[in-house]
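> Have a look at this one.
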Number of protein chains: 4
Amino acid sequence: MIHISPDLPSDPCLDVPVRIYYYDTDAGGVVHNIAYLRHIEEARTRLAEHLGWSLLEMARNVVAPVVARTEIDYVKPARLGDLLVIHSKLDRLGKASFSISFVVERPADGSIIVRCHQTLACLQMDKGRPIRTPIEWRNQWPHLAV
Amino acid sequence: MIHISPDLPSDPCLDVPVRIYYYDTDAGGVVHNIAYLRHIEEARTRLAEHLGWSLLEMARNVVAPVVARTEIDYVKPARLGDLLVIHSKLDRLGKASFSISFVVERPADGSIIVRCHQTLACLQMDKGRPIRTPIEWRNQWPHLAV
Amino acid sequence: MIHISPDLPSDPCLDVPVRIYYYDTDAGGVVHNIAYLRHIEEARTRLAEHLGWSLLEMARNVVAPVVARTEIDYVKPARLGDLLVIHSKLDRLGKASFSISFVVERPADGSIIVRCHQTLACLQMDKGRPIRTPIEWRNQWPHLAV
Amino acid sequence: MIHISPDLPSDPCLDVPVRIYYYDTDAGGVVHNIAYLRHIEEARTRLAEHLGWSLLEMARNVVAPVVARTEIDYVKPARLGDLLVIHSKLDRLGKASFSISFVVERPADGSIIVRCHQTLACLQMDKGRPIRTPIEWRNQWPHLAV
């Protein structure tokens, strides 16, 4: 079972700012396609914490959401020094999995840089066994349940 | 225009072996989801070279295939020390883009670990301008053209 | 020449907080040794900006500090979910290079996790040519000049 | 205790070839400083296996060499498409730690790209406890023991 802290937000979404450093770029002069997925992992983890499921809880109980599928569209290139914002939103709640949509935006010119959708399975890591998604989430946002 | 070396294989596919090191794993004890995309980049680049489009040609003429979309399914976990094979296959040839499918397999037990599909756009990197896919590819594998 | 914005702090140092996510860890259950260097790059870039040398200035004039040498000692392991702080400090100002010391600390128990020292060369990236370190820095912190 | 397979080479060194892909480069047009450390991890792991200490043995017994210190000098830049070779050599054998030197060379022009020296501690990962370096190594290369 997953322990969720009780104060849940009314909307299951979060905005996380991201700066682009040299490490994120490649010799094409733009952000490398894989670098966005690191930033999306940060956004996803911070969304999970915003929804009451902390990294410490994941580490202690060896229960974690594991990426089962990623779809990502690279719409426009971002560059060194860009300030981006990742808008993350829980958009589907299944019995043992859930989905999050991500939009990476560059506020300076309003450009959409990347769109991404991930499906995550709740797993007991040491046994590789599926676990139910948090009941508190299904109570709080019943319109997302499937 | 993209310069393709003349000797093309009859089938546009390639198998690339991959070893799993500590760097690829995470605290869940399995290969981290992002690590596969680095190995898929290696497989993709080696497939491009197998199909006559070398990295040196990309670097010299600043013309490169750029990832426009990735879909990736994580089927089974792989672990430290695993020997994997990535089967890559050109499966669609558009006017300015093409697609590759990847299957990551663990030969030791025949498990499918990951399935991935990427769409790449041919770009003049310095101008961000689309370029035609290689005519030699469309001549060699006309059944893939769309 | 490097353009430095005029308001310089009295001490050339900065503290940057860092969260540890799954991506940073490995199958040993601890933060992977290479992951610290990504976080140190972020700390270093933010220190450069704090000292008036912005990433946009680097990108626009293709003048950047390039890592010439890294020494890093791994003192204690950090783990998933840890909150760390990187203390960065400019500690030597040569004619065409400078040095920064980094201490990565875990405030929760006061542990020193990592000590690092980097030497950076100022380079005109497109020509690979050395450039003088900022005169404003040598004026502001003459005791660091060698 | 660490289990070492019995057939040890006369010299404790190994050469590993490395290709440079887009992922390794940054917007400066050269290989990013951190990318070399990934390739050095591969070279180090393959050297360990060449010296009879396999990744599977590490994973099964949760005993592994852990990086305690890295010194790395960036001598010349490498670029997209370069073929490099990493020369690795065990050069010191302590009671609970050992050292390896690495030279990254570009055979095409004989350039030294990077020099690196790492100290590794042998650890029981789950307990964080130091373990003796392999007795077989000290028997085979007594001139390296300190």
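In the structure tokens, each chain is lettered A, B, ... as it comes, each chain's residues begin at 1, and ligands are numbered from 1 in order of appearance.
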When the cut-off is 8 Å and we count only C-alpha atoms, which residues of chain C are near chain D, given as a ChimeraX atom specification?
/C:28,33-34,37-38,62,67-75,125-126
> Go ahead and dump the residues you just picked, N, CA and C atoms, as an mmCIF file, in the first residue's frame.

data_model
loop_
_atom_site.group_PDB
_atom_site.id
_atom_site.type_symbol
_atom_site.label_atom_id
_atom_site.label_comp_id
_atom_site.auth_asym_id
_atom_site.auth_seq_id
_atom_site.Cartn_x
_atom_site.Cartn_y
_atom_site.Cartn_z
ATOM 1 N N GLY C 28 23.658 0.187 -6.833
ATOM 2 C CA GLY C 28 24.266 0.066 -5.507
ATOM 3 C C GLY C 28 23.422 0.744 -4.435
ATOM 4 N N ASN C 33 28.554 8.136 -9.005
ATOM 5 C CA ASN C 33 29.630 9.142 -8.930
ATOM 6 C C ASN C 33 29.552 10.210 -10.026
ATOM 7 N N ILE C 34 29.072 9.853 -11.204
ATOM 8 C CA ILE C 34 29.029 10.836 -12.291
ATOM 9 C C ILE C 34 27.907 11.859 -12.074
ATOM 10 N N LEU C 37 28.672 15.320 -10.837
ATOM 11 C CA LEU C 37 29.308 16.279 -11.749
ATOM 12 C C LEU C 37 28.280 17.066 -12.563
ATOM 13 N N ARG C 38 27.121 16.448 -12.827
ATOM 14 C CA ARG C 38 26.022 17.217 -13.439
ATOM 15 C C ARG C 38 25.551 18.313 -12.489
ATOM 16 N N VAL C 62 30.000 33.116 -27.895
ATOM 17 C CA VAL C 62 30.756 31.884 -28.063
ATOM 18 C C VAL C 62 32.055 31.936 -27.242
ATOM 19 N N VAL C 67 35.999 23.281 -18.725
ATOM 20 C CA VAL C 67 36.658 22.517 -17.670
ATOM 21 C C VAL C 67 37.985 21.960 -18.181
ATOM 22 N N ALA C 68 39.088 22.327 -17.523
ATOM 23 C CA ALA C 68 40.407 21.830 -17.914
ATOM 24 C C ALA C 68 40.862 20.709 -16.987
ATOM 25 N N ARG C 69 40.398 20.738 -15.735
ATOM 26 C CA ARG C 69 40.786 19.701 -14.778
ATOM 27 C C ARG C 69 39.727 19.595 -13.693
ATOM 28 N N THR C 70 39.413 18.360 -13.295
ATOM 29 C CA THR C 70 38.512 18.099 -12.172
ATOM 30 C C THR C 70 39.207 17.160 -11.200
ATOM 31 N N GLU C 71 39.162 17.507 -9.913
ATOM 32 C CA GLU C 71 39.535 16.576 -8.838
ATOM 33 C C GLU C 71 38.306 16.426 -7.976
ATOM 34 N N ILE C 72 37.892 15.198 -7.709
ATOM 35 C CA ILE C 72 36.682 15.006 -6.912
ATOM 36 C C ILE C 72 36.867 13.834 -5.954
ATOM 37 N N ASP C 73 36.547 14.080 -4.683
ATOM 38 C CA ASP C 73 36.625 13.050 -3.646
ATOM 39 C C ASP C 73 35.226 12.715 -3.172
ATOM 40 N N TYR C 74 34.933 11.417 -3.182
ATOM 41 C CA TYR C 74 33.640 10.924 -2.735
ATOM 42 C C TYR C 74 33.782 10.508 -1.289
ATOM 43 N N VAL C 75 33.259 11.318 -0.367
ATOM 44 C CA VAL C 75 33.520 11.133 1.059
ATOM 45 C C VAL C 75 32.491 10.195 1.692
ATOM 46 N N MET C 125 35.130 29.668 -28.128
ATOM 47 C CA MET C 125 34.815 28.289 -28.487
ATOM 48 C C MET C 125 35.049 27.988 -29.967
ATOM 49 N N ASP C 126 34.614 28.884 -30.868
ATOM 50 C CA ASP C 126 34.681 28.560 -32.300
ATOM 51 C C ASP C 126 36.130 28.478 -32.803
#
> So which residues touch Gly52 in chain C within 8 Å, counting only C-alpha atoms, skipping near sequence neighbours fewer than 3 positions away, as a list in words?
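So the residues in contact are Ile4, Ser5, Pro6, Asp7, Leu8, Ala48 and Glu49 of chain C.
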> With a distance cut-off of 8 Å and only C-alpha atoms, select the neighbouring residues of Val18 in chain A, excluding the residue or stretch itself and same-chain residues fewer than 3 positions from it, and output the selection as a list in words.
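The residues that qualify are His39, Leu83, Leu84, Val85 and Ile86 of chain A.
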> What gap, in Å, lies between CA of Val104 in chain A and CA of Pro12 in chain A?
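Computed distance, CA of Val104 in chain A to CA of Pro12 in chain A, equals 17.0 Å.
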> As an exercise, work out the distance from CA of Ser101 in chain A to CA of Ser88 in chain A in Å and give it to one decimal place.
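About the pair CA of Ser101 in chain A and CA of Ser88 in chain A: they are 5.7 Å apart.
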> Which parts of chain C does DSSP call alpha helix (DSSP H) when run on the backbone here, written out as a PyMOL selection string?
chain C and resi 33-50+55-61+135-140
> Store the residues of this selection in a file with N, CA and C atoms, as a PDB file, in the first residue's frame.

ATOM      1  N   ASN C  33      28.554   8.136  -9.005  1.00  0.00           N
ATOM      2  CA  ASN C  33      29.630   9.142  -8.930  1.00  0.00           C
ATOM      3  C   ASN C  33      29.552  10.210 -10.026  1.00  0.00           C
ATOM      4  N   ILE C  34      29.072   9.853 -11.204  1.00  0.00           N
ATOM      5  CA  ILE C  34      29.029  10.836 -12.291  1.00  0.00           C
ATOM      6  C   ILE C  34      27.907  11.859 -12.074  1.00  0.00           C
ATOM      7  N   ALA C  35      26.838  11.451 -11.387  1.00  0.00           N
ATOM      8  CA  ALA C  35      25.688  12.343 -11.203  1.00  0.00           C
ATOM      9  C   ALA C  35      26.080  13.629 -10.472  1.00  0.00           C
ATOM     10  N   TYR C  36      27.020  13.534  -9.528  1.00  0.00           N
ATOM     11  CA  TYR C  36      27.440  14.742  -8.810  1.00  0.00           C
ATOM     12  C   TYR C  36      28.004  15.780  -9.773  1.00  0.00           C
ATOM     13  N   LEU C  37      28.672  15.320 -10.837  1.00  0.00           N
ATOM     14  CA  LEU C  37      29.308  16.279 -11.749  1.00  0.00           C
ATOM     15  C   LEU C  37      28.280  17.066 -12.563  1.00  0.00           C
ATOM     16  N   ARG C  38      27.121  16.448 -12.827  1.00  0.00           N
ATOM     17  CA  ARG C  38      26.022  17.217 -13.439  1.00  0.00           C
ATOM     18  C   ARG C  38      25.551  18.313 -12.489  1.00  0.00           C
ATOM     19  N   HIS C  39      25.368  17.950 -11.233  1.00  0.00           N
ATOM     20  CA  HIS C  39      24.896  18.955 -10.274  1.00  0.00           C
ATOM     21  C   HIS C  39      25.955  20.032 -10.051  1.00  0.00           C
ATOM     22  N   ILE C  40      27.224  19.630 -10.080  1.00  0.00           N
ATOM     23  CA  ILE C  40      28.306  20.610  -9.944  1.00  0.00           C
ATOM     24  C   ILE C  40      28.320  21.538 -11.165  1.00  0.00           C
ATOM     25  N   GLU C  41      27.997  21.017 -12.342  1.00  0.00           N
ATOM     26  CA  GLU C  41      27.889  21.907 -13.514  1.00  0.00           C
ATOM     27  C   GLU C  41      26.794  22.950 -13.298  1.00  0.00           C
ATOM     28  N   GLU C  42      25.663  22.533 -12.758  1.00  0.00           N
ATOM     29  CA  GLU C  42      24.603  23.514 -12.484  1.00  0.00           C
ATOM     30  C   GLU C  42      25.081  24.551 -11.464  1.00  0.00           C
ATOM     31  N   ALA C  43      25.714  24.075 -10.384  1.00  0.00           N
ATOM     32  CA  ALA C  43      26.214  25.000  -9.353  1.00  0.00           C
ATOM     33  C   ALA C  43      27.230  25.977  -9.948  1.00  0.00           C
ATOM     34  N   ARG C  44      28.113  25.464 -10.799  1.00  0.00           N
ATOM     35  CA  ARG C  44      29.170  26.286 -11.407  1.00  0.00           C
ATOM     36  C   ARG C  44      28.567  27.353 -12.328  1.00  0.00           C
ATOM     37  N   THR C  45      27.564  26.939 -13.118  1.00  0.00           N
ATOM     38  CA  THR C  45      26.940  27.891 -14.047  1.00  0.00           C
ATOM     39  C   THR C  45      26.200  28.969 -13.272  1.00  0.00           C
ATOM     40  N   ARG C  46      25.544  28.563 -12.185  1.00  0.00           N
ATOM     41  CA  ARG C  46      24.820  29.563 -11.396  1.00  0.00           C
ATOM     42  C   ARG C  46      25.793  30.474 -10.654  1.00  0.00           C
ATOM     43  N   LEU C  47      26.951  29.950 -10.242  1.00  0.00           N
ATOM     44  CA  LEU C  47      27.975  30.820  -9.649  1.00  0.00           C
ATOM     45  C   LEU C  47      28.469  31.820 -10.700  1.00  0.00           C
ATOM     46  N   ALA C  48      28.752  31.353 -11.929  1.00  0.00           N
ATOM     47  CA  ALA C  48      29.207  32.259 -12.998  1.00  0.00           C
ATOM     48  C   ALA C  48      28.188  33.383 -13.208  1.00  0.00           C
ATOM     49  N   GLU C  49      26.906  33.025 -13.203  1.00  0.00           N
ATOM     50  CA  GLU C  49      25.873  34.053 -13.386  1.00  0.00           C
ATOM     51  C   GLU C  49      25.825  35.002 -12.186  1.00  0.00           C
ATOM     52  N   HIS C  50      26.011  34.465 -10.988  1.00  0.00           N
ATOM     53  CA  HIS C  50      26.056  35.287  -9.775  1.00  0.00           C
ATOM     54  C   HIS C  50      27.228  36.268  -9.855  1.00  0.00           C
ATOM     55  N   LEU C  55      24.919  32.816 -18.995  1.00  0.00           N
ATOM     56  CA  LEU C  55      24.857  31.788 -20.037  1.00  0.00           C
ATOM     57  C   LEU C  55      24.510  32.404 -21.389  1.00  0.00           C
ATOM     58  N   LEU C  56      23.637  33.413 -21.409  1.00  0.00           N
ATOM     59  CA  LEU C  56      23.273  34.047 -22.678  1.00  0.00           C
ATOM     60  C   LEU C  56      24.486  34.742 -23.276  1.00  0.00           C
ATOM     61  N   GLU C  57      25.274  35.410 -22.416  1.00  0.00           N
ATOM     62  CA  GLU C  57      26.528  36.027 -22.859  1.00  0.00           C
ATOM     63  C   GLU C  57      27.478  34.956 -23.432  1.00  0.00           C
ATOM     64  N   MET C  58      27.553  33.805 -22.740  1.00  0.00           N
ATOM     65  CA  MET C  58      28.401  32.710 -23.249  1.00  0.00           C
ATOM     66  C   MET C  58      27.930  32.259 -24.621  1.00  0.00           C
ATOM     67  N   ALA C  59      26.594  32.051 -24.746  1.00  0.00           N
ATOM     68  CA  ALA C  59      26.039  31.525 -25.987  1.00  0.00           C
ATOM     69  C   ALA C  59      26.194  32.534 -27.119  1.00  0.00           C
ATOM     70  N   ARG C  60      25.947  33.816 -26.830  1.00  0.00           N
ATOM     71  CA  ARG C  60      25.956  34.852 -27.870  1.00  0.00           C
ATOM     72  C   ARG C  60      27.363  35.089 -28.407  1.00  0.00           C
ATOM     73  N   ASN C  61      28.347  35.190 -27.497  1.00  0.00           N
ATOM     74  CA  ASN C  61      29.708  35.514 -27.934  1.00  0.00           C
ATOM     75  C   ASN C  61      30.600  34.289 -28.090  1.00  0.00           C
ATOM     76  N   ILE C 135      38.487  41.139 -16.294  1.00  0.00           N
ATOM     77  CA  ILE C 135      39.223  42.152 -15.546  1.00  0.00           C
ATOM     78  C   ILE C 135      38.417  42.598 -14.313  1.00  0.00           C
ATOM     79  N   GLU C 136      37.071  42.602 -14.458  1.00  0.00           N
ATOM     80  CA  GLU C 136      36.222  43.011 -13.334  1.00  0.00           C
ATOM     81  C   GLU C 136      36.419  42.071 -12.141  1.00  0.00           C
ATOM     82  N   TRP C 137      36.633  40.791 -12.414  1.00  0.00           N
ATOM     83  CA  TRP C 137      36.850  39.835 -11.324  1.00  0.00           C
ATOM     84  C   TRP C 137      38.174  40.119 -10.618  1.00  0.00           C
ATOM     85  N   ARG C 138      39.214  40.380 -11.404  1.00  0.00           N
ATOM     86  CA  ARG C 138      40.517  40.648 -10.771  1.00  0.00           C
ATOM     87  C   ARG C 138      40.499  41.961  -9.993  1.00  0.00           C
ATOM     88  N   ASN C 139      39.698  42.939 -10.470  1.00  0.00           N
ATOM     89  CA  ASN C 139      39.576  44.181  -9.696  1.00  0.00           C
ATOM     90  C   ASN C 139      38.806  43.961  -8.395  1.00  0.00           C
ATOM     91  N   GLN C 140      37.777  43.156  -8.476  1.00  0.00           N
ATOM     92  CA  GLN C 140      36.895  42.978  -7.309  1.00  0.00           C
ATOM     93  C   GLN C 140      37.531  42.086  -6.232  1.00  0.00           C
TER      94      GLN C 140
END
> Within 8 Å of Leu90 in chain C, counting only C-alpha atoms, which residues qualify if same-chain residues fewer than 3 places away don't, as an MDAnalysis selection string?
chainID C and resid 12:13 93 98:101
> To one decimal place in Å, what is the distance between CA of Ala108 in chain B and CA of Arg19 in chain D?
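Going from CA of Ala108 in chain B over to CA of Arg19 in chain D, I get 26.1 Å.
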> Within 6 Å of Val31 in chain D, counting only C-alpha atoms, which residues qualify if same-chain residues fewer than 2 places away don't, as an NGL selection string?
:D and (24-25 or 78-79)
> In range 47-146 of chain B, what's strand (DSSP E or B) per DSSP? Answer as a PDB file with C-alpha atoms, in the first residue's frame?

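In the end it all went to part.pdb:
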ATOM      1  CA  VAL B  63      22.863  17.814 -42.031  1.00  0.00           C
ATOM      2  CA  ALA B  64      21.488  15.301 -39.570  1.00  0.00           C
ATOM      3  CA  PRO B  65      18.436  13.219 -38.749  1.00  0.00           C
ATOM      4  CA  VAL B  66      16.767  14.805 -35.728  1.00  0.00           C
ATOM      5  CA  VAL B  67      14.390  12.900 -33.450  1.00  0.00           C
ATOM      6  CA  ALA B  68      10.876  14.298 -33.961  1.00  0.00           C
ATOM      7  CA  ARG B  69       8.948  11.664 -31.989  1.00  0.00           C
ATOM      8  CA  THR B  70       9.727   8.718 -29.714  1.00  0.00           C
ATOM      9  CA  GLU B  71       7.325   6.030 -28.512  1.00  0.00           C
ATOM     10  CA  ILE B  72       8.841   3.551 -26.102  1.00  0.00           C
ATOM     11  CA  ASP B  73       7.313   0.648 -24.162  1.00  0.00           C
ATOM     12  CA  TYR B  74       9.115  -0.834 -21.190  1.00  0.00           C
ATOM     13  CA  LEU B  83      23.961  -8.431 -22.339  1.00  0.00           C
ATOM     14  CA  LEU B  84      21.239  -7.009 -24.593  1.00  0.00           C
ATOM     15  CA  VAL B  85      20.855  -6.786 -28.356  1.00  0.00           C
ATOM     16  CA  ILE B  86      19.089  -3.920 -30.124  1.00  0.00           C
ATOM     17  CA  HIS B  87      17.417  -4.891 -33.396  1.00  0.00           C
ATOM     18  CA  SER B  88      16.911  -1.730 -35.493  1.00  0.00           C
ATOM     19  CA  LYS B  89      14.956  -1.497 -38.733  1.00  0.00           C
ATOM     20  CA  LEU B  90      14.131   1.359 -41.101  1.00  0.00           C
ATOM     21  CA  ASP B  91      10.383   0.915 -41.590  1.00  0.00           C
ATOM     22  CA  ARG B  92       9.034   4.058 -43.302  1.00  0.00           C
ATOM     23  CA  LEU B  93      10.536   6.577 -45.745  1.00  0.00           C
ATOM     24  CA  SER B  97      11.290  12.195 -42.480  1.00  0.00           C
ATOM     25  CA  PHE B  98      11.703   8.496 -41.836  1.00  0.00           C
ATOM     26  CA  SER B  99      10.935   5.996 -39.064  1.00  0.00           C
ATOM     27  CA  ILE B 100      12.898   3.300 -37.303  1.00  0.00           C
ATOM     28  CA  SER B 101      11.631   0.521 -35.061  1.00  0.00           C
ATOM     29  CA  PHE B 102      13.789  -0.895 -32.274  1.00  0.00           C
ATOM     30  CA  VAL B 103      13.403  -4.096 -30.263  1.00  0.00           C
ATOM     31  CA  VAL B 104      15.704  -4.540 -27.269  1.00  0.00           C
ATOM     32  CA  GLU B 105      16.096  -8.230 -26.496  1.00  0.00           C
ATOM     33  CA  ARG B 106      17.965 -10.201 -23.840  1.00  0.00           C
ATOM     34  CA  SER B 111      12.970 -11.782 -23.286  1.00  0.00           C
ATOM     35  CA  ILE B 112      11.778  -8.654 -25.061  1.00  0.00           C
ATOM     36  CA  ILE B 113      12.875  -5.815 -22.764  1.00  0.00           C
ATOM     37  CA  VAL B 114      11.851  -2.701 -24.695  1.00  0.00           C
ATOM     38  CA  ARG B 115      10.012  -1.816 -27.902  1.00  0.00           C
ATOM     39  CA  CYS B 116      10.592   1.628 -29.404  1.00  0.00           C
ATOM     40  CA  HIS B 117       9.588   3.554 -32.507  1.00  0.00           C
ATOM     41  CA  GLN B 118      11.168   6.842 -33.564  1.00  0.00           C
ATOM     42  CA  THR B 119      10.399   9.328 -36.313  1.00  0.00           C
ATOM     43  CA  LEU B 120      13.327  11.403 -37.533  1.00  0.00           C
ATOM     44  CA  ALA B 121      13.319  14.573 -39.607  1.00  0.00           C
ATOM     45  CA  CYS B 122      16.249  15.346 -41.934  1.00  0.00           C
ATOM     46  CA  LEU B 123      17.452  18.843 -41.082  1.00  0.00           C
ATOM     47  CA  GLN B 124      20.038  21.387 -42.170  1.00  0.00           C
ATOM     48  CA  ARG B 129      15.539  23.772 -42.529  1.00  0.00           C
ATOM     49  CA  PRO B 130      14.064  20.407 -43.611  1.00  0.00           C
ATOM     50  CA  ALA B 145       8.353   4.942 -49.340  1.00  0.00           C
TER      51      ALA B 145
END
